[in-house]
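Asker: Pasting in a structure now, in structure tokens, and then I'll have a few things to ask.
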Amino acid sequence: MDIVFGIIIGLFVLMLLVVIHELGHFWAARKSGIEVEEFAIGFSPRAIAWQKKGGKWQKIKKEDWKKPKGKGLIISLNWLPIGGFCKMKGESDADVRRGSFGASNLWGKTKTLFGGVAANLVAAAVIFTILAWTGMPHFVEGQFSVESDTTIEARPVIISRVVEGSPAEGAKLEEGDELVAMYVESGCESPKQPGCEGAEEDKIDVIVPGDVTSFNERNAGGLIGLTYERDGELRNVLVQLNETGSEYLLGVTMSQEGAPLYRSTWSAPVVGVVTTVQLTGETFRGVGQLLWNLVSGIAMQVNFDSEVRDSGAENLEQAGNAVSGPVGIIGYIFPAFASSGISNLAFLTAIISISLACMNLLPIPALDGGRWLLIVIYRLRRKKLTTEIEEKIVGRAFMVLIGLIVIITVLDITRFFR
């Protein structure tokens with residue numbers, strides 16, 4: 001049932017984000033004087049439609065769907081819940097009719113093409129702002145927060161296993177103990193005290209299991225203090241860590257039910273906007289790494305050196321594992337996040353909204369960024385971008401895009417059988 005529920009949520013969220021994207025195009029087009037002929041939620045077959053006539057909305061009869069009477073804006077609901085579309089008058093750059101996309105100036109076309117991108121980024125910023133106020137999970141290293149306005153609601157970090165013969169066993173730590181804090185005291189009351197110049201104390205509150213790991217790595221081979229809770233009582237113990245390079249430093253396995261949540265008050269909007277900018281940068285960095293792995297992996301496959309070919313195969317495998325399409329998102333990612341709580345699910349929704357924005361900025365003619373680049377290139381060349389040329393370029397790019405989607409879908413499906 002969790003998988004079914006996750007798939008339903010995934011379909012709804014993906015459709016919502018695409019509709020938000022199309023609303024961005026719709027709003028920008030209307031502001032630029034471009035007529036929008038139809039705004040649709042979902043794809044055909046059509047379920048119901050309305051048309052604005054004389055300032056009033058009227059339901060369109062089924063027999064008039066193919067040729068609606070009048071020229072007012074049509075709002076339609078369709079049966080396939082996989083997104084939506086915004087149909088504008090004269091979407092070719094060569095169209096010169098009044099109120100068409102083609103007749104708009106370059107700035108109007110720019111606003112219209114990137115309106116969807118802007119809408120997805122604004123949606124992500126709103127979600128992150130709400131999360132910053134109600135409780136933001138941190139999934140990215142160095143994720144932004146305003147320290148002076150942040151409180152942390154942490155889940156306990158519990159020892160689930162103690163390795164036999166380890167420093168943890170020697171300190172009489174037990175399964176079920178809750179790790180609270182770790183520290184190394186310099187023994188100096190002041191840095192001005194003789195022999196204490198530059199001495200620093202290392203003290204941390206244990207928020208996530210990674211805090212313990214990084215603390216141990218900083219103090220490998222040293223004597224550390226550890227505060228833990230057992231049976232409702234706080235206890236302290238000194239532990240001599242193993243040296244760097246040992247099989248383990250402390251010798252415990254830890255567990256935590258859910259990630260800690262970071263809450264803000266006045267800084268929530270700042271956190272929302274900066275987190276959107278931060279994760280947009282991370283997304284572009286990830287896309288760049290993906291493309292590098294893909295291109296370098298393919299290039300290495302034609303090398304005569306077997307080691308180079310093996311390295312290329314690893315790059316291709318990394319590229320395949322780094323990308324997920326609709327099947328992977330709906331069938332695997334959303335069910336996993338849906339069962340881990342509303343905060344994690346909302347975070348994933350914002351991430352996908354950012355990804356949708358970033359993907360549409362790529363210079364592929366079938367996407368918003370590519371169409372804009374195509375228009376600009378022909379402007380700079382002082383040549384007319386005819387409807388025939390535009391359809392040919394966009395059509396071929398669209399076929400390549402479909403091919404990539406098919407490959408990604410196959411990779412997603414194979415993941416289910418691993």
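Please note that chains go A, B, ... in the order of the structure tokens, that every chain numbers its residues from 1, and that ligands are numbered from 1 in the order shown.
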For the strand (DSSP E) assignment from backbone DSSP, which residues of segment 10-224 of chain A qualify? Please present them as a ChimeraX atom specification.

Answerer: /A:36-53,56-59,74-88,136-137,150-153,157-162,178-184,202-205,223-224

Asker: Can you spit out the residues from that selection as a PDB file, in the first residue's frame, using C-alpha atoms?

Answerer:
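The resulting file, again26.pdb, is reproduced below:
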ATOM      1  CA  VAL A  36      -3.139  32.274 -24.934  1.00  0.00           C
ATOM      2  CA  GLU A  37      -5.618  30.070 -26.785  1.00  0.00           C
ATOM      3  CA  GLU A  38      -5.778  27.201 -24.293  1.00  0.00           C
ATOM      4  CA  PHE A  39      -4.490  26.333 -20.855  1.00  0.00           C
ATOM      5  CA  ALA A  40      -4.774  22.624 -20.097  1.00  0.00           C
ATOM      6  CA  ILE A  41      -4.268  20.472 -17.037  1.00  0.00           C
ATOM      7  CA  GLY A  42      -3.335  16.944 -18.100  1.00  0.00           C
ATOM      8  CA  PHE A  43      -3.133  15.628 -21.657  1.00  0.00           C
ATOM      9  CA  SER A  44      -5.768  14.334 -24.084  1.00  0.00           C
ATOM     10  CA  PRO A  45      -8.280  12.785 -24.168  1.00  0.00           C
ATOM     11  CA  ARG A  46     -10.222  15.784 -22.928  1.00  0.00           C
ATOM     12  CA  ALA A  47     -12.576  15.401 -19.989  1.00  0.00           C
ATOM     13  CA  ILE A  48     -14.167  18.854 -19.767  1.00  0.00           C
ATOM     14  CA  ALA A  49     -13.513  22.373 -21.043  1.00  0.00           C
ATOM     15  CA  TRP A  50     -14.685  25.949 -20.568  1.00  0.00           C
ATOM     16  CA  GLN A  51     -14.324  29.015 -22.790  1.00  0.00           C
ATOM     17  CA  LYS A  52     -14.422  32.666 -21.824  1.00  0.00           C
ATOM     18  CA  LYS A  53     -17.016  34.569 -23.846  1.00  0.00           C
ATOM     19  CA  LYS A  56     -18.113  34.939 -18.650  1.00  0.00           C
ATOM     20  CA  TRP A  57     -16.957  31.325 -18.514  1.00  0.00           C
ATOM     21  CA  GLN A  58     -19.137  28.849 -20.410  1.00  0.00           C
ATOM     22  CA  LYS A  59     -18.846  25.085 -20.634  1.00  0.00           C
ATOM     23  CA  ILE A  74     -10.105  27.776 -23.253  1.00  0.00           C
ATOM     24  CA  ILE A  75      -9.429  26.086 -19.911  1.00  0.00           C
ATOM     25  CA  SER A  76      -9.500  22.291 -20.145  1.00  0.00           C
ATOM     26  CA  LEU A  77      -9.121  19.282 -17.872  1.00  0.00           C
ATOM     27  CA  ASN A  78      -7.811  16.122 -19.529  1.00  0.00           C
ATOM     28  CA  TRP A  79      -7.732  12.488 -18.507  1.00  0.00           C
ATOM     29  CA  LEU A  80      -3.966  11.785 -18.581  1.00  0.00           C
ATOM     30  CA  PRO A  81      -2.492  13.220 -15.329  1.00  0.00           C
ATOM     31  CA  ILE A  82       1.036  13.759 -16.648  1.00  0.00           C
ATOM     32  CA  GLY A  83       1.349  17.535 -16.747  1.00  0.00           C
ATOM     33  CA  GLY A  84      -0.340  20.180 -18.870  1.00  0.00           C
ATOM     34  CA  PHE A  85       0.302  22.742 -21.567  1.00  0.00           C
ATOM     35  CA  CYS A  86      -0.128  26.408 -22.457  1.00  0.00           C
ATOM     36  CA  LYS A  87      -1.047  26.869 -26.131  1.00  0.00           C
ATOM     37  CA  MET A  88      -0.236  30.341 -27.418  1.00  0.00           C
ATOM     38  CA  MET A 136      13.679  21.822   7.338  1.00  0.00           C
ATOM     39  CA  PRO A 137      15.522  18.514   6.809  1.00  0.00           C
ATOM     40  CA  THR A 150      17.885  28.271  14.012  1.00  0.00           C
ATOM     41  CA  THR A 151      16.721  25.704  16.524  1.00  0.00           C
ATOM     42  CA  ILE A 152      17.345  22.004  15.898  1.00  0.00           C
ATOM     43  CA  GLU A 153      14.835  19.288  16.657  1.00  0.00           C
ATOM     44  CA  VAL A 157      21.459   8.872  17.783  1.00  0.00           C
ATOM     45  CA  ILE A 158      21.357   5.356  19.247  1.00  0.00           C
ATOM     46  CA  ILE A 159      24.111   2.739  19.479  1.00  0.00           C
ATOM     47  CA  SER A 160      22.716  -0.301  17.669  1.00  0.00           C
ATOM     48  CA  ARG A 161      25.842  -2.475  17.928  1.00  0.00           C
ATOM     49  CA  VAL A 162      29.135  -2.470  19.856  1.00  0.00           C
ATOM     50  CA  GLU A 178      21.905   7.401  23.262  1.00  0.00           C
ATOM     51  CA  LEU A 179      24.933   9.448  22.198  1.00  0.00           C
ATOM     52  CA  VAL A 180      24.519  13.050  23.389  1.00  0.00           C
ATOM     53  CA  ALA A 181      27.871  14.870  23.119  1.00  0.00           C
ATOM     54  CA  MET A 182      31.596  14.326  22.503  1.00  0.00           C
ATOM     55  CA  TYR A 183      34.492  16.437  23.664  1.00  0.00           C
ATOM     56  CA  VAL A 184      38.245  16.784  23.999  1.00  0.00           C
ATOM     57  CA  ASP A 202      36.731  20.278  20.586  1.00  0.00           C
ATOM     58  CA  LYS A 203      33.163  19.881  21.808  1.00  0.00           C
ATOM     59  CA  ILE A 204      30.120  18.841  19.771  1.00  0.00           C
ATOM     60  CA  ASP A 205      26.499  17.932  20.324  1.00  0.00           C
ATOM     61  CA  LEU A 223      41.565  10.319  24.438  1.00  0.00           C
ATOM     62  CA  ILE A 224      38.031  11.686  24.077  1.00  0.00           C
TER      63      ILE A 224
END

Asker: Please identify all polymer residues within 9 Å of segment 230-233 of chain A, counting only C-alpha atoms, omitting same-chain residues fewer than 2 positions from it, and present them as a ChimeraX atom specification.

Answerer: /A:174,176-178,228,235

Asker: Within 10 Å of Asn216 of chain A, counting only C-alpha atoms, which residues qualify if same-chain residues fewer than 4 places away don't, as a list in words?

Answerer: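 Listing them by chain and then by number gives Met182, Gly210, Asp211, Val212, Ala220, Gly221, Gly222, Ile224, Leu241, Asn242, Glu243, Thr244, Tyr248, Leu249 and Leu250 of chain A.
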
Asker: Which residue, A:Gly281, A:Gly116, A:Gly251, A:Gly72, has the smallest gap to Val18 of chain A when you use only C-alpha atoms?

Answerer: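 Smallest separation from Val18 of chain A among the options: A:Gly116.
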
Asker: Taking only C-alpha atoms into account, name the residue in A:Ser104, A:Thr112, A:Thr129, A:Thr276 that is nearest to Ile352 of chain A.

Answerer: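 Among A:Ser104, A:Thr112, A:Thr129, A:Thr276, it is A:Thr276 that comes nearest to Ile352 of chain A.
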
Asker: If you run DSSP on the backbone here, which positions in segment 40-249 of chain A get alpha helix (DSSP H)? Please write them as a ChimeraX atom specification.

Answerer: /A:106-134,167-170,209-218

Asker: With only C-alpha atoms as the basis for distance, which of A:Thr275, A:Thr253, A:Ser355, A:Thr387 is at the shortest distance from Ala132 of chain A?

Answerer: A:Thr275

Asker: Leaving out Ser145 of chain A and any residue of its chain fewer than 3 positions from it, which residues lie within 10 Å of it when counting only C-alpha atoms, given as a ChimeraX atom specification?

Answerer: /A:132,136,138,142,148-150,262-264,267-268,270-272,274-275

Asker: So that I can check the surroundings of Asp93 of chain A, please list as number ranges by chain every protein, DNA and RNA residue that reaches within 7 Å of it, counting only C-alpha atoms and ignoring chain neighbours fewer than 4 positions away.

Answerer: A: 101-102, 385

Asker: Compile the contact shell of Asn236 of chain A as a PyMOL selection string: residues with an atom at most 7 Å away, counting only C-alpha atoms, same-chain residues fewer than 6 positions apart removed.

Answerer: chain A and resi 225-228

Asker: Hey, can you spit out that residue selection with all heavy atoms as a PDB file, in the first residue's frame?

Answerer:
ATOM      1  N   GLY A 225      36.200  12.421  25.448  1.00  0.00           N
ATOM      2  CA  GLY A 225      35.121  12.254  26.404  1.00  0.00           C
ATOM      3  C   GLY A 225      33.818  12.073  25.658  1.00  0.00           C
ATOM      4  O   GLY A 225      33.600  12.659  24.590  1.00  0.00           O
ATOM      5  N   LEU A 226      32.945  11.248  26.214  1.00  0.00           N
ATOM      6  CA  LEU A 226      31.681  10.958  25.551  1.00  0.00           C
ATOM      7  C   LEU A 226      30.548  11.031  26.571  1.00  0.00           C
ATOM      8  O   LEU A 226      30.620  10.392  27.637  1.00  0.00           O
ATOM      9  CB  LEU A 226      31.745   9.570  24.907  1.00  0.00           C
ATOM     10  CG  LEU A 226      30.715   9.243  23.819  1.00  0.00           C
ATOM     11  CD1 LEU A 226      31.278   8.202  22.866  1.00  0.00           C
ATOM     12  CD2 LEU A 226      29.417   8.728  24.414  1.00  0.00           C
ATOM     13  N   THR A 227      29.520  11.828  26.244  1.00  0.00           N
ATOM     14  CA  THR A 227      28.334  11.912  27.087  1.00  0.00           C
ATOM     15  C   THR A 227      27.230  11.103  26.441  1.00  0.00           C
ATOM     16  O   THR A 227      26.939  11.269  25.260  1.00  0.00           O
ATOM     17  CB  THR A 227      27.861  13.372  27.247  1.00  0.00           C
ATOM     18  OG1 THR A 227      28.917  14.151  27.809  1.00  0.00           O
ATOM     19  CG2 THR A 227      26.646  13.455  28.163  1.00  0.00           C
ATOM     20  N   TYR A 228      26.618  10.202  27.210  1.00  0.00           N
ATOM     21  CA  TYR A 228      25.546   9.373  26.669  1.00  0.00           C
ATOM     22  C   TYR A 228      24.443   9.220  27.720  1.00  0.00           C
ATOM     23  O   TYR A 228      24.629   9.511  28.902  1.00  0.00           O
ATOM     24  CB  TYR A 228      26.078   8.008  26.240  1.00  0.00           C
ATOM     25  CG  TYR A 228      26.624   7.154  27.366  1.00  0.00           C
ATOM     26  CD1 TYR A 228      25.851   6.167  27.965  1.00  0.00           C
ATOM     27  CD2 TYR A 228      27.935   7.326  27.822  1.00  0.00           C
ATOM     28  CE1 TYR A 228      26.351   5.374  29.003  1.00  0.00           C
ATOM     29  CE2 TYR A 228      28.444   6.553  28.840  1.00  0.00           C
ATOM     30  CZ  TYR A 228      27.646   5.580  29.426  1.00  0.00           C
ATOM     31  OH  TYR A 228      28.151   4.812  30.458  1.00  0.00           O
TER      32      TYR A 228
END

Asker: Could you tell me which of A:Ser32, A:Thr283, A:Ser100, A:Asn105 comes closest to Arg379 of chain A if we count only C-alpha atoms?

Answerer: A:Asn105

Asker: Using only C-alpha atoms, which protein or nucleic acid residues come within 12 Å of Ile375 of chain A? Drop anything in the same chain fewer than 5 positions from it, and give the result as a list in words.

Answerer: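 Everything that qualifies: Ser92, Asp93, Ala94, Phe101, Gly102, Asn105, Leu106, Trp107, Lys109, Thr110, Leu113, Pro363, Pro365, Asp368, Gly369, Gly370, Leu380, Arg381, Arg382, Lys383, Lys384, Leu385, Thr386, Thr387, Ile389, Glu390, Ile393 and Val394 of chain A.
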
Asker: For atom CA of Thr213 of chain A and atom CA of Ala259 of chain A, determine how far apart the two atoms are, in Å to one decimal place.

Answerer: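 Atom CA of Thr213 of chain A sits 16.1 Å away from atom CA of Ala259 of chain A.
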